[in-house]
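Asker: If it helps, the file is called input_19.cif and holds mmCIF, C-alpha atoms (C1' of nucleotides):
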data_target
#
loop_
_atom_site.label_atom_id
_atom_site.label_comp_id
_atom_site.auth_asym_id
_atom_site.auth_seq_id
_atom_site.Cartn_x
_atom_site.Cartn_y
_atom_site.Cartn_z
CA MET A 11 52.08 42.56 66.55
CA ASN A 12 52.38 39.16 68.21
CA ILE A 13 54.52 36.34 66.92
CA PRO A 14 51.84 33.99 65.51
CA ASN A 15 50.29 36.77 63.46
CA LEU A 16 53.63 37.91 62.22
CA LEU A 17 54.41 34.38 61.10
CA ALA A 18 51.04 34.10 59.40
CA VAL A 19 51.86 37.17 57.40
CA LEU A 20 55.35 36.08 56.57
CA ARG A 21 54.18 32.73 55.25
CA ASN A 22 52.30 34.61 52.57
CA VAL A 23 55.02 37.02 51.68
CA ARG A 24 57.39 36.28 48.82
CA MET A 25 60.66 37.97 48.05
CA LYS A 26 61.40 38.53 44.42
CA SER A 27 64.10 40.14 42.34
CA PHE A 28 63.85 41.72 38.93
CA ASP A 29 66.58 42.75 36.56
CA LYS A 30 66.67 46.18 35.02
CA GLY A 31 64.01 46.33 32.32
CA GLU A 32 62.14 43.29 33.51
CA ILE A 33 58.33 43.39 33.66
CA LEU A 34 56.65 42.78 37.04
CA ILE A 35 53.05 43.04 35.81
CA ARG A 36 51.86 42.94 32.21
CA VAL A 37 48.90 44.58 30.57
CA GLY A 38 45.97 42.18 30.86
CA SER A 39 47.19 40.62 34.07
CA ALA A 40 44.54 40.18 36.74
CA LYS A 41 46.85 39.33 39.59
CA ASN A 42 46.00 40.97 42.89
CA ASP A 43 49.57 41.35 43.97
CA VAL A 44 50.75 44.02 46.34
CA PHE A 45 54.42 44.99 46.22
CA PHE A 46 56.72 46.67 48.66
CA ILE A 47 59.99 47.88 47.15
CA ARG A 48 63.02 46.98 49.25
CA LYS A 49 65.46 48.28 46.71
CA GLY A 50 65.22 49.62 43.22
CA LEU A 51 62.78 51.52 41.08
CA VAL A 52 59.59 50.64 39.23
CA ARG A 53 57.52 52.52 36.70
CA SER A 54 54.02 51.90 35.42
CA TYR A 55 53.27 52.76 31.81
CA VAL A 56 50.91 52.22 28.93
CA VAL A 57 51.79 51.48 25.32
CA GLU A 58 49.95 53.69 22.87
CA LYS A 59 49.66 53.03 19.20
CA GLU A 60 52.89 51.96 17.58
CA ALA A 61 55.24 51.42 20.45
CA ASN A 62 54.77 54.85 21.98
CA GLU A 63 55.03 54.51 25.75
CA ILE A 64 53.62 56.87 28.35
CA THR A 65 54.82 56.51 31.93
CA PHE A 66 52.11 56.95 34.52
CA GLN A 67 53.95 56.70 37.80
CA ILE A 68 57.29 55.95 39.37
CA TYR A 69 57.75 54.01 42.60
CA ALA A 70 60.91 54.00 44.69
CA GLU A 71 62.30 52.31 47.79
CA HIS A 72 59.90 51.70 50.67
CA GLN A 73 56.89 52.50 48.56
CA VAL A 74 53.93 50.21 48.16
CA PHE A 75 52.30 49.70 44.83
CA THR A 76 49.82 47.34 43.36
CA ASN A 77 48.08 46.39 40.18
CA ALA A 78 45.67 49.27 40.63
CA HIS A 79 43.20 48.36 37.92
CA THR A 80 42.75 44.90 39.36
CA VAL A 81 42.83 45.64 43.07
CA LEU A 82 40.80 48.83 42.87
CA PHE A 83 38.52 48.24 39.92
CA GLY A 84 38.47 44.45 39.56
CA GLU A 85 39.69 44.74 35.99
CA PRO A 86 42.74 43.51 34.10
CA SER A 87 45.74 45.79 34.30
CA LYS A 88 46.01 48.54 31.71
CA PHE A 89 49.57 49.22 32.75
CA TYR A 90 52.88 47.50 32.51
CA TYR A 91 54.99 47.65 35.64
CA GLN A 92 58.69 47.57 34.85
CA ALA A 93 61.85 47.60 36.94
CA LEU A 94 64.01 50.60 36.03
CA GLU A 95 66.91 49.22 38.04
CA HIS A 96 67.69 45.89 39.58
CA THR A 97 64.81 45.73 42.04
CA LYS A 98 64.00 43.64 45.08
CA VAL A 99 60.47 43.48 46.41
CA TYR A 100 58.31 41.83 48.99
CA THR A 101 55.06 40.70 47.46
CA ILE A 102 51.83 39.32 48.84
CA GLU A 103 48.58 38.42 47.21
CA TYR A 104 46.08 41.12 48.12
CA ASN A 105 43.25 38.82 49.20
CA ALA A 106 45.60 36.90 51.46
CA PHE A 107 46.69 40.23 52.87
CA LEU A 108 43.06 41.27 53.42
CA LYS A 109 42.21 38.00 55.08
CA LEU A 110 45.09 38.32 57.46
CA THR A 111 44.35 41.91 58.30
CA SER A 112 40.67 41.29 58.92
CA GLN A 113 41.61 38.67 61.50
CA ASN A 114 43.83 41.03 63.39
CA SER A 115 42.91 44.49 64.55
CA GLU A 116 46.45 45.81 64.55
CA LEU A 117 47.00 44.69 61.00
CA LEU A 118 43.60 46.03 60.07
CA GLU A 119 44.65 49.42 61.26
CA LEU A 120 47.91 49.08 59.37
CA ASN A 121 46.07 48.15 56.26
CA ARG A 122 43.58 50.93 56.52
CA SER A 123 45.93 53.61 57.68
CA TYR A 124 49.04 52.73 55.80
CA PHE A 125 48.26 50.87 52.64
CA GLY A 126 44.94 52.47 51.86
CA LYS A 127 45.69 56.00 52.89
CA LYS A 128 49.08 56.12 51.25
CA ILE A 129 47.57 55.30 47.91
CA ILE A 130 44.72 57.75 48.30
CA GLN A 131 47.07 60.47 49.46
CA GLN A 132 49.37 60.07 46.52
CA ALA A 133 46.54 60.22 44.03
CA PHE A 134 44.78 63.08 45.79
CA GLN A 135 47.86 65.25 46.04
CA ARG A 136 48.69 64.53 42.47
CA VAL A 137 45.29 65.74 41.33
CA GLU A 138 45.85 68.88 43.39
CA SER A 139 49.12 69.49 41.59
CA PHE A 140 47.37 69.29 38.22
CA VAL A 141 44.53 71.59 39.22
CA PHE A 142 46.49 74.22 41.12
CA LEU A 143 49.96 74.24 39.59
CA SER A 144 51.45 75.06 36.20
CA PRO A 145 53.71 72.48 34.55
CA GLU A 146 56.74 74.44 35.72
CA GLU A 147 55.50 74.55 39.31
CA ARG A 148 54.62 70.88 39.07
CA TYR A 149 58.19 70.09 38.10
CA GLN A 150 59.56 72.18 40.96
CA LYS A 151 57.32 70.30 43.36
CA PHE A 152 58.43 66.98 41.92
CA VAL A 153 62.08 67.88 42.44
CA LYS A 154 61.37 69.04 45.97
CA ASP A 155 59.38 65.91 46.82
CA ASN A 156 61.77 63.50 45.08
CA PRO A 157 65.21 65.10 45.23
CA LYS A 158 67.02 61.84 44.64
CA LEU A 159 64.79 60.49 41.90
CA ILE A 160 65.70 63.04 39.25
CA HIS A 161 69.20 61.66 39.03
CA ARG A 162 68.03 58.08 38.73
CA VAL A 163 65.07 58.39 36.38
CA PRO A 164 65.31 59.39 32.70
CA ASP A 165 63.69 62.78 32.06
CA LYS A 166 61.31 61.39 29.51
CA TYR A 167 59.62 59.32 32.20
CA ILE A 168 59.40 62.27 34.57
CA ALA A 169 57.89 64.39 31.79
CA ASN A 170 55.12 61.84 31.30
CA VAL A 171 54.40 61.72 35.01
CA LEU A 172 54.04 65.51 34.99
CA GLY A 173 51.70 65.35 32.03
CA ILE A 174 54.03 67.11 29.58
CA THR A 175 56.41 66.14 26.77
CA PRO A 176 60.13 65.54 27.24
CA VAL A 177 60.90 68.53 25.01
CA SER A 178 58.78 70.78 27.17
CA LEU A 179 60.44 69.49 30.31
CA SER A 180 63.81 70.30 28.84
CA ARG A 181 62.68 73.88 28.17
CA ILE A 182 61.31 74.20 31.69
CA ARG A 183 64.65 73.11 33.14
CA ASN A 184 66.37 75.61 30.90
CA ARG A 185 64.03 78.41 32.00
CA ILE A 186 64.52 77.62 35.67
CA SER A 187 68.29 77.60 35.42
CA LYS A 188 68.26 80.99 33.71
CA LYS A 189 66.16 82.52 36.47
CA LYS A 190 68.95 81.92 38.98
CA MET B 29 22.50 44.00 57.36
CA ASN B 30 20.50 43.08 60.45
CA ILE B 31 18.19 45.43 62.28
CA PRO B 32 20.23 46.22 65.40
CA ASN B 33 23.24 47.18 63.31
CA LEU B 34 21.19 49.27 61.01
CA LEU B 35 19.76 51.12 63.97
CA ALA B 36 23.19 51.65 65.40
CA VAL B 37 24.23 53.29 62.17
CA LEU B 38 21.12 55.37 61.89
CA ARG B 39 21.51 56.76 65.38
CA ASN B 40 24.73 58.35 64.24
CA VAL B 41 23.48 59.67 60.97
CA ARG B 42 22.18 63.20 60.67
CA MET B 43 20.15 64.68 57.89
CA LYS B 44 20.99 68.23 56.98
CA SER B 45 19.90 70.78 54.41
CA PHE B 46 21.86 73.61 52.93
CA ASP B 47 20.68 76.55 50.88
CA LYS B 48 22.31 77.45 47.62
CA GLY B 49 25.61 79.12 48.34
CA GLU B 50 25.84 77.87 51.90
CA ILE B 51 29.12 76.48 53.21
CA LEU B 52 29.19 72.89 54.50
CA ILE B 53 32.84 72.84 55.54
CA ARG B 54 35.14 75.84 55.93
CA VAL B 55 38.87 76.16 55.47
CA GLY B 56 40.50 75.35 58.78
CA SER B 57 37.79 72.99 59.91
CA ALA B 58 39.00 69.70 61.37
CA LYS B 59 35.69 67.93 61.41
CA ASN B 60 35.79 64.31 60.30
CA ASP B 61 32.41 64.41 58.68
CA VAL B 62 31.41 62.14 55.84
CA PHE B 63 28.59 63.27 53.58
CA PHE B 64 26.26 61.47 51.26
CA ILE B 65 24.34 63.72 48.90
CA ARG B 66 20.64 62.88 48.67
CA LYS B 67 19.86 65.83 46.49
CA GLY B 68 21.74 68.81 45.21
CA LEU B 69 25.28 69.71 44.27
CA VAL B 70 28.44 70.54 46.20
CA ARG B 71 31.78 71.92 45.12
CA SER B 72 35.09 72.08 46.94
CA TYR B 73 37.31 75.08 46.30
CA VAL B 74 40.24 77.10 47.57
CA VAL B 75 40.53 80.85 47.81
CA GLU B 76 43.71 82.20 46.34
CA LYS B 77 45.06 85.64 46.93
CA GLU B 78 42.45 88.36 46.70
CA ALA B 79 39.16 86.55 46.42
CA ASN B 80 40.21 84.42 43.48
CA GLU B 81 38.56 81.04 43.82
CA ILE B 82 39.62 77.76 42.23
CA THR B 83 37.17 74.88 42.26
CA PHE B 84 38.77 71.52 42.92
CA GLN B 85 35.90 69.08 42.59
CA ILE B 86 32.15 68.82 42.12
CA TYR B 87 29.96 66.26 43.86
CA ALA B 88 26.44 65.33 42.77
CA GLU B 89 23.57 63.16 43.94
CA HIS B 90 24.42 59.81 45.49
CA GLN B 91 28.07 60.68 45.78
CA VAL B 92 30.05 60.47 48.97
CA PHE B 93 32.50 63.14 49.93
CA THR B 94 34.41 64.07 53.00
CA ASN B 95 36.75 66.65 54.39
CA ALA B 96 39.64 64.97 52.63
CA HIS B 97 42.47 66.87 54.29
CA THR B 98 41.20 65.94 57.72
CA VAL B 99 40.06 62.38 57.13
CA LEU B 100 42.99 61.40 54.91
CA PHE B 101 45.82 63.52 56.23
CA GLY B 102 44.69 64.47 59.73
CA GLU B 103 45.02 68.14 58.90
CA PRO B 104 42.62 71.09 58.83
CA SER B 105 40.69 71.49 55.63
CA LYS B 106 42.29 73.53 52.88
CA PHE B 107 39.03 73.60 50.98
CA TYR B 108 35.67 75.17 51.36
CA TYR B 109 32.75 72.89 50.57
CA GLN B 110 29.78 74.82 49.25
CA ALA B 111 26.28 73.88 48.12
CA LEU B 112 25.71 74.96 44.52
CA GLU B 113 22.01 74.24 44.78
CA HIS B 114 19.68 73.59 47.66
CA THR B 115 21.27 70.39 48.95
CA LYS B 116 20.17 67.62 51.29
CA VAL B 117 22.73 65.28 52.78
CA TYR B 118 23.17 62.45 55.19
CA THR B 119 26.18 63.01 57.37
CA ILE B 120 28.04 60.91 59.89
CA GLU B 121 31.14 61.52 61.90
CA TYR B 122 33.90 59.42 60.34
CA ASN B 123 35.21 57.89 63.55
CA ALA B 124 31.73 56.85 64.56
CA PHE B 125 31.38 55.33 61.12
CA LEU B 126 34.68 53.50 61.50
CA LYS B 127 33.75 52.22 64.93
CA LEU B 128 30.49 50.85 63.65
CA THR B 129 32.01 49.27 60.61
CA SER B 130 34.78 47.59 62.57
CA GLN B 131 32.17 45.90 64.74
CA ASN B 132 30.32 44.51 61.79
CA SER B 133 31.85 42.56 58.99
CA GLU B 134 29.21 43.51 56.44
CA LEU B 135 29.63 47.16 57.16
CA LEU B 136 33.35 46.71 57.14
CA GLU B 137 33.13 45.39 53.65
CA LEU B 138 30.85 48.24 52.69
CA ASN B 139 33.29 50.71 54.11
CA ARG B 140 36.26 49.20 52.42
CA SER B 141 34.68 48.44 49.12
CA TYR B 142 32.34 51.36 48.74
CA PHE B 143 33.57 54.34 50.65
CA GLY B 144 37.28 53.76 50.30
CA LYS B 145 37.37 52.46 46.81
CA LYS B 146 35.06 55.06 45.37
CA ILE B 147 37.31 57.82 46.57
CA ILE B 148 40.45 56.12 45.35
CA GLN B 149 38.87 55.38 42.01
CA GLN B 150 37.83 58.94 41.45
CA ALA B 151 41.23 60.30 42.26
CA PHE B 152 43.08 57.64 40.30
CA GLN B 153 41.01 58.05 37.16
CA ARG B 154 41.35 61.77 37.40
CA VAL B 155 45.13 61.52 37.47
CA GLU B 156 44.92 59.27 34.43
CA SER B 157 42.93 61.92 32.61
CA PHE B 158 45.63 64.51 33.30
CA VAL B 159 48.49 62.27 32.25
CA PHE B 160 46.97 60.73 29.14
CA LEU B 161 44.52 63.31 27.81
CA SER B 162 44.71 66.83 26.39
CA PRO B 163 42.47 69.53 27.90
CA GLU B 164 40.06 69.09 25.02
CA GLU B 165 39.89 65.33 25.48
CA ARG B 166 39.54 65.85 29.21
CA TYR B 167 36.51 68.03 28.61
CA GLN B 168 34.98 65.47 26.24
CA LYS B 169 35.44 62.81 28.88
CA PHE B 170 33.89 65.03 31.52
CA VAL B 171 30.81 65.58 29.38
CA LYS B 172 30.56 61.88 28.69
CA ASP B 173 30.95 60.94 32.34
CA ASN B 174 28.70 63.71 33.65
CA PRO B 175 26.17 64.42 30.90
CA LYS B 176 23.73 66.10 33.25
CA LEU B 177 26.19 68.15 35.22
CA ILE B 178 27.22 70.51 32.43
CA HIS B 179 23.78 72.07 32.42
CA ARG B 180 23.74 72.55 36.17
CA VAL B 181 27.26 73.73 36.90
CA PRO B 182 28.73 77.06 35.74
CA ASP B 183 31.48 76.59 33.17
CA LYS B 184 34.01 78.43 35.26
CA TYR B 185 33.84 75.70 37.87
CA ILE B 186 34.16 72.95 35.29
CA ALA B 187 37.16 74.71 33.78
CA ASN B 188 38.91 74.69 37.15
CA VAL B 189 38.17 71.02 37.64
CA LEU B 190 39.74 70.32 34.25
CA GLY B 191 42.81 72.35 35.15
CA ILE B 192 42.23 75.11 32.59
CA THR B 193 40.84 78.65 32.52
CA PRO B 194 37.21 79.49 31.76
CA VAL B 195 38.33 81.34 28.64
CA SER B 196 40.15 78.31 27.39
CA LEU B 197 37.15 76.10 28.07
CA SER B 198 34.99 78.42 26.02
CA ARG B 199 37.42 78.14 23.10
CA ILE B 200 37.45 74.36 23.41
CA ARG B 201 33.67 74.25 23.25
CA ASN B 202 33.79 76.49 20.21
CA ARG B 203 36.35 74.26 18.53
CA ILE B 204 34.34 71.12 19.19
CA SER B 205 31.12 72.57 17.83
CA LYS B 206 32.89 73.62 14.64
CA LYS B 207 34.19 70.13 14.08
CA LYS B 208 30.65 68.83 13.73
"C1'" DT C 16 9.63 94.29 34.80
"C1'" DT C 17 13.88 96.63 35.31
"C1'" DC C 18 18.37 97.14 36.92
"C1'" DA C 19 22.68 95.36 38.63
"C1'" DT C 20 25.71 91.68 38.84
"C1'" DT C 21 27.64 87.61 37.25
"C1'" DT C 22 28.93 84.62 33.60
"C1'" DA C 23 30.16 83.25 28.83
"C1'" DT C 24 32.09 84.56 24.62
"C1'" DT C 25 35.17 86.87 21.65
"C1'" DA C 26 39.29 89.53 20.49
"C1'" DT C 27 44.14 90.74 21.12
"C1'" DC C 28 48.55 89.82 22.56
"C1'" DC C 29 52.01 87.13 24.55
"C1'" DT C 30 53.74 82.83 26.53
"C1'" DT C 31 53.87 78.09 26.68
"C1'" DT C 32 53.39 73.66 24.73
"C1'" DG C 33 53.30 70.09 21.02
"C1'" DT C 34 55.52 68.27 17.00
"C1'" DT C 35 59.20 67.17 14.21
"C1'" DA C 36 63.81 67.10 13.18
"C1'" DA C 37 68.74 67.88 13.79
"C1'" DC C 38 72.69 67.60 16.65
"C1'" DG C 39 75.79 66.23 20.22
"C1'" DC C 40 76.62 63.31 24.03
"C1'" DC C 41 76.81 59.26 26.63
"C1'" DA C 42 76.39 54.35 27.67
"C1'" DC C 43 76.73 50.05 26.05
"C1'" DA C 44 77.85 46.15 23.25
"C1'" DT C 45 80.72 44.26 20.02
"C1'" DA D 28 88.51 51.40 20.46
"C1'" DT D 29 84.59 51.93 17.60
"C1'" DG D 30 80.11 51.99 16.27
"C1'" DT D 31 75.23 52.09 17.56
"C1'" DG D 32 71.19 53.37 19.60
"C1'" DG D 33 68.97 56.01 22.96
"C1'" DC D 34 68.57 60.35 25.37
"C1'" DG D 35 68.64 65.37 26.32
"C1'" DT D 36 68.89 69.71 24.17
"C1'" DT D 37 67.90 73.05 20.81
"C1'" DA D 38 65.60 75.03 16.80
"C1'" DA D 39 61.59 76.12 13.92
"C1'" DC D 40 56.94 76.19 13.24
"C1'" DA D 41 52.11 75.49 14.34
"C1'" DA D 42 48.67 75.06 17.76
"C1'" DA D 43 46.94 75.85 22.15
"C1'" DG D 44 46.62 78.18 26.44
"C1'" DG D 45 46.96 82.23 29.83
"C1'" DA D 46 45.94 87.11 30.78
"C1'" DT D 47 43.32 90.99 30.05
"C1'" DA D 48 39.68 93.57 28.39
"C1'" DA D 49 35.39 94.44 25.88
"C1'" DT D 50 30.95 92.85 24.80
"C1'" DA D 51 26.94 89.98 24.95
"C1'" DA D 52 24.02 86.93 27.45
"C1'" DA D 53 22.05 85.22 31.50
"C1'" DT D 54 20.93 85.45 36.21
"C1'" DG D 55 19.04 87.30 40.28
"C1'" DA D 56 17.21 90.83 43.19
"C1'" DA D 57 14.32 94.66 43.99
#
Using the file provided, produce a representation of the structure as structure tokens.
Answerer:
Amino acid sequence: MNIPNLLAVLRNVRMKSFDKGEILIRVGSAKNDVFFIRKGLVRSYVVEKEANEITFQIYAEHQVFTNAHTVLFGEPSKFYYQALEHTKVYTIEYNAFLKLTSQNSELLELNRSYFGKKIIQQAFQRVESFVFLSPEERYQKFVKDNPKLIHRVPDKYIANVLGITPVSLSRIRNRISKKK
Amino acid sequence: MNIPNLLAVLRNVRMKSFDKGEILIRVGSAKNDVFFIRKGLVRSYVVEKEANEITFQIYAEHQVFTNAHTVLFGEPSKFYYQALEHTKVYTIEYNAFLKLTSQNSELLELNRSYFGKKIIQQAFQRVESFVFLSPEERYQKFVKDNPKLIHRVPDKYIANVLGITPVSLSRIRNRISKKK
DNA sequence: TTCATTTATTATCCTTTGTTAACGCCACAT
DNA sequence: ATGTGGCGTTAACAAAGGATAATAAATGAA
């Protein structure tokens, strides 16, 4: 990437910090922001009736995430995005990002190959895990794919991500430890 | 879209027909083909040990599908893609499609907004259905979203897509009909 | 049409999960 | 240090799902 283009990108990038528990994106927000996590941990979640939260996904260092409902569907966010630890991000408005990338073939490739594909891949492989694996196998895969996360993320969030209850996750862990 | 560009696209598009049961893409294939279904029905599936098949997804008229493992991950296909009815498709090699779209801003937008987003949307919403819904609710949503498909697709395939067994799907249907 | 094969339903049994609640533990704030 | 609230585990029960097999229904081929 040449220097002028790099600068053009950087002018549009903001660095932000969030304390543990702070909300990055609220339900109803229509901001097209794209985030890259430099440090920390973020979860997306919905609030069901009466303060019952369900975590949809967890994002860690060097991962890209975005307000999916807005960027993908053009709708207000149905999720909250919350920092689980003190978290530092780079953020850029998606349309600014698109504009820049469409003016530059290298960036275009980056956009298409990195940003786009990463998000598709994650979703696609996650669907595969639901169709082909049992909850127990899904947990084993999660541990294998995210060995460091399990010590940083409360189990109840991981259970939600796997599509099961925290109680069931606890039993699965128990079962696995007995098998060895 | 202007005429020269349209012609350039059309030169790369092939029309193909497949009989019921015929395979469009085999496991191991590394073809970057993108398909648009004009008529008919296609399913993707894996073969587990000893001729046990699990259907991953079903595609109907006017839907776009592709050899996801190859186009997204650069790997050989893990799925078979099979016509469930006599099926007519338009097909184009993905790199030819990319080349064309990158030379034309309208097509580029089409590619990004239609092809890419449709696939992301499908996967994303499917993950949501696994995280937030029970198997029974997932089935209800499937019926609502695909009212015509349930009469054309064998239940055993739908069960797989929902991440449950055919026996369980039958019980769910029974339960629902009793509730009314 | 008839026969053979596939598919859907139902039954049985066993395992897993959901729900609710109790208990102990840990982190955190006071 | 001492509560306090939140979290993970465990228990008990009910509901649902998986596996297998038998039967009924539907499909397709001859």
Asker: Just say which residues the PyMOL selection byres ((chain A) within 9 of (chain D)) picks in this file, as a list of chain:residue names.
Answerer: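 Listing what the PyMOL selection byres ((chain A) within 9 of (chain D)) selects in the shown file: A:Pro164, A:Asp165, A:Lys166, A:Pro176, A:Val177, A:Ser180, A:Arg181.
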Asker: Sort by chain and increasing residue number a table of all residues of chain C within 10 Å of chain B, each with its closest pair of atoms and their distance in Å to one decimal, counting all atoms listed in the file, and write it as a tab-separated table.
Answerer:
residue	atom	partner	partner_atom	distance
C:DT22	C1'	B:Pro182	CA	7.9
C:DA23	C1'	B:Ser198	CA	7.4
C:DT24	C1'	B:Ser198	CA	6.9
C:DT25	C1'	B:Arg199	CA	9.1
Asker: Using the chain letters and numbering of this document, enumerate as a PyMOL selection string the residues selected by the PyMOL selection byres ((chain A) within 8 of (chain B)).
Answerer: chain A and resi 64+66+82-83+126-127+129-131+133-134+136-138+140-142+170-174
Asker: What does the distance from CA of His114 in chain B to CA of Glu50 in chain B come to in Å, to one decimal?
Answerer: 8.6 Å
Asker: Take the PyMOL selection byres ((chain B and resi 61) around 7), apply it to the structure above, and return the hits as a PDB file with C-alpha atoms, keeping the file's coordinate frame.
Answerer:
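Wrote it out as part-v1.pdb, contents follow:
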ATOM      1  CA  LYS B  59      35.690  67.930  61.410  1.00  0.00           C
ATOM      2  CA  ASN B  60      35.790  64.310  60.300  1.00  0.00           C
ATOM      3  CA  VAL B  62      31.410  62.140  55.840  1.00  0.00           C
ATOM      4  CA  PHE B  63      28.590  63.270  53.580  1.00  0.00           C
ATOM      5  CA  THR B  94      34.410  64.070  53.000  1.00  0.00           C
ATOM      6  CA  ASN B  95      36.750  66.650  54.390  1.00  0.00           C
ATOM      7  CA  THR B 119      26.180  63.010  57.370  1.00  0.00           C
ATOM      8  CA  ILE B 120      28.040  60.910  59.890  1.00  0.00           C
ATOM      9  CA  GLU B 121      31.140  61.520  61.900  1.00  0.00           C
ATOM     10  CA  TYR B 122      33.900  59.420  60.340  1.00  0.00           C
TER      11      TYR B 122
END
Asker: One decimal, in Å: what's the spacing between CA of Phe152 in chain A and CA of Ile168 in chain A?
Answerer: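 Between CA of Phe152 in chain A and CA of Ile168 in chain A the gap is 8.8 Å.
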Asker: Output range 90-108 of chain B with N, CA and C atoms present, as a PDB file, keeping the file's coordinate frame.
Answerer:
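Okay, this is what ended up in rebuild16.pdb:
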ATOM      1  N   HIS B  90      24.010  61.173  45.210  1.00  0.00           N
ATOM      2  CA  HIS B  90      24.420  59.810  45.490  1.00  0.00           C
ATOM      3  C   HIS B  90      25.936  59.653  45.559  1.00  0.00           C
ATOM      4  N   GLN B  91      26.622  60.775  45.594  1.00  0.00           N
ATOM      5  CA  GLN B  91      28.070  60.680  45.780  1.00  0.00           C
ATOM      6  C   GLN B  91      28.422  60.921  47.239  1.00  0.00           C
ATOM      7  N   VAL B  92      29.543  60.298  47.622  1.00  0.00           N
ATOM      8  CA  VAL B  92      30.050  60.470  48.970  1.00  0.00           C
ATOM      9  C   VAL B  92      31.246  61.394  48.918  1.00  0.00           C
ATOM     10  N   PHE B  93      31.287  62.328  49.824  1.00  0.00           N
ATOM     11  CA  PHE B  93      32.500  63.140  49.930  1.00  0.00           C
ATOM     12  C   PHE B  93      32.786  63.397  51.394  1.00  0.00           C
ATOM     13  N   THR B  94      33.993  63.846  51.625  1.00  0.00           N
ATOM     14  CA  THR B  94      34.410  64.070  53.000  1.00  0.00           C
ATOM     15  C   THR B  94      35.466  65.165  53.017  1.00  0.00           C
ATOM     16  N   ASN B  95      35.677  65.685  54.187  1.00  0.00           N
ATOM     17  CA  ASN B  95      36.750  66.650  54.390  1.00  0.00           C
ATOM     18  C   ASN B  95      38.075  65.907  54.193  1.00  0.00           C
ATOM     19  N   ALA B  96      38.531  65.854  52.968  1.00  0.00           N
ATOM     20  CA  ALA B  96      39.640  64.970  52.630  1.00  0.00           C
ATOM     21  C   ALA B  96      40.901  65.281  53.433  1.00  0.00           C
ATOM     22  N   HIS B  97      41.231  66.536  53.589  1.00  0.00           N
ATOM     23  CA  HIS B  97      42.470  66.870  54.290  1.00  0.00           C
ATOM     24  C   HIS B  97      42.462  66.379  55.731  1.00  0.00           C
ATOM     25  N   THR B  98      41.292  66.397  56.336  1.00  0.00           N
ATOM     26  CA  THR B  98      41.200  65.940  57.720  1.00  0.00           C
ATOM     27  C   THR B  98      41.146  64.419  57.807  1.00  0.00           C
ATOM     28  N   VAL B  99      40.244  63.820  57.035  1.00  0.00           N
ATOM     29  CA  VAL B  99      40.060  62.380  57.130  1.00  0.00           C
ATOM     30  C   VAL B  99      41.283  61.623  56.594  1.00  0.00           C
ATOM     31  N   LEU B 100      41.851  62.110  55.511  1.00  0.00           N
ATOM     32  CA  LEU B 100      42.990  61.400  54.910  1.00  0.00           C
ATOM     33  C   LEU B 100      44.316  61.776  55.538  1.00  0.00           C
ATOM     34  N   PHE B 101      44.497  63.066  55.804  1.00  0.00           N
ATOM     35  CA  PHE B 101      45.820  63.520  56.230  1.00  0.00           C
ATOM     36  C   PHE B 101      45.871  63.944  57.689  1.00  0.00           C
ATOM     37  N   GLY B 102      44.696  64.015  58.353  1.00  0.00           N
ATOM     38  CA  GLY B 102      44.690  64.470  59.730  1.00  0.00           C
ATOM     39  C   GLY B 102      44.998  65.940  59.891  1.00  0.00           C
ATOM     40  N   GLU B 103      44.729  66.700  58.853  1.00  0.00           N
ATOM     41  CA  GLU B 103      45.020  68.140  58.900  1.00  0.00           C
ATOM     42  C   GLU B 103      43.737  68.948  58.718  1.00  0.00           C
ATOM     43  N   PRO B 104      43.799  70.238  59.058  1.00  0.00           N
ATOM     44  CA  PRO B 104      42.620  71.090  58.830  1.00  0.00           C
ATOM     45  C   PRO B 104      42.320  71.188  57.334  1.00  0.00           C
ATOM     46  N   SER B 105      41.083  71.415  57.036  1.00  0.00           N
ATOM     47  CA  SER B 105      40.690  71.490  55.630  1.00  0.00           C
ATOM     48  C   SER B 105      41.330  72.679  54.928  1.00  0.00           C
ATOM     49  N   LYS B 106      41.795  72.432  53.718  1.00  0.00           N
ATOM     50  CA  LYS B 106      42.290  73.530  52.880  1.00  0.00           C
ATOM     51  C   LYS B 106      41.201  74.003  51.931  1.00  0.00           C
ATOM     52  N   PHE B 107      40.109  73.284  51.915  1.00  0.00           N
ATOM     53  CA  PHE B 107      39.030  73.600  50.980  1.00  0.00           C
ATOM     54  C   PHE B 107      37.804  74.131  51.713  1.00  0.00           C
ATOM     55  N   TYR B 108      37.055  74.936  51.010  1.00  0.00           N
ATOM     56  CA  TYR B 108      35.670  75.170  51.360  1.00  0.00           C
ATOM     57  C   TYR B 108      34.833  74.139  50.615  1.00  0.00           C
TER      58      TYR B 108
END
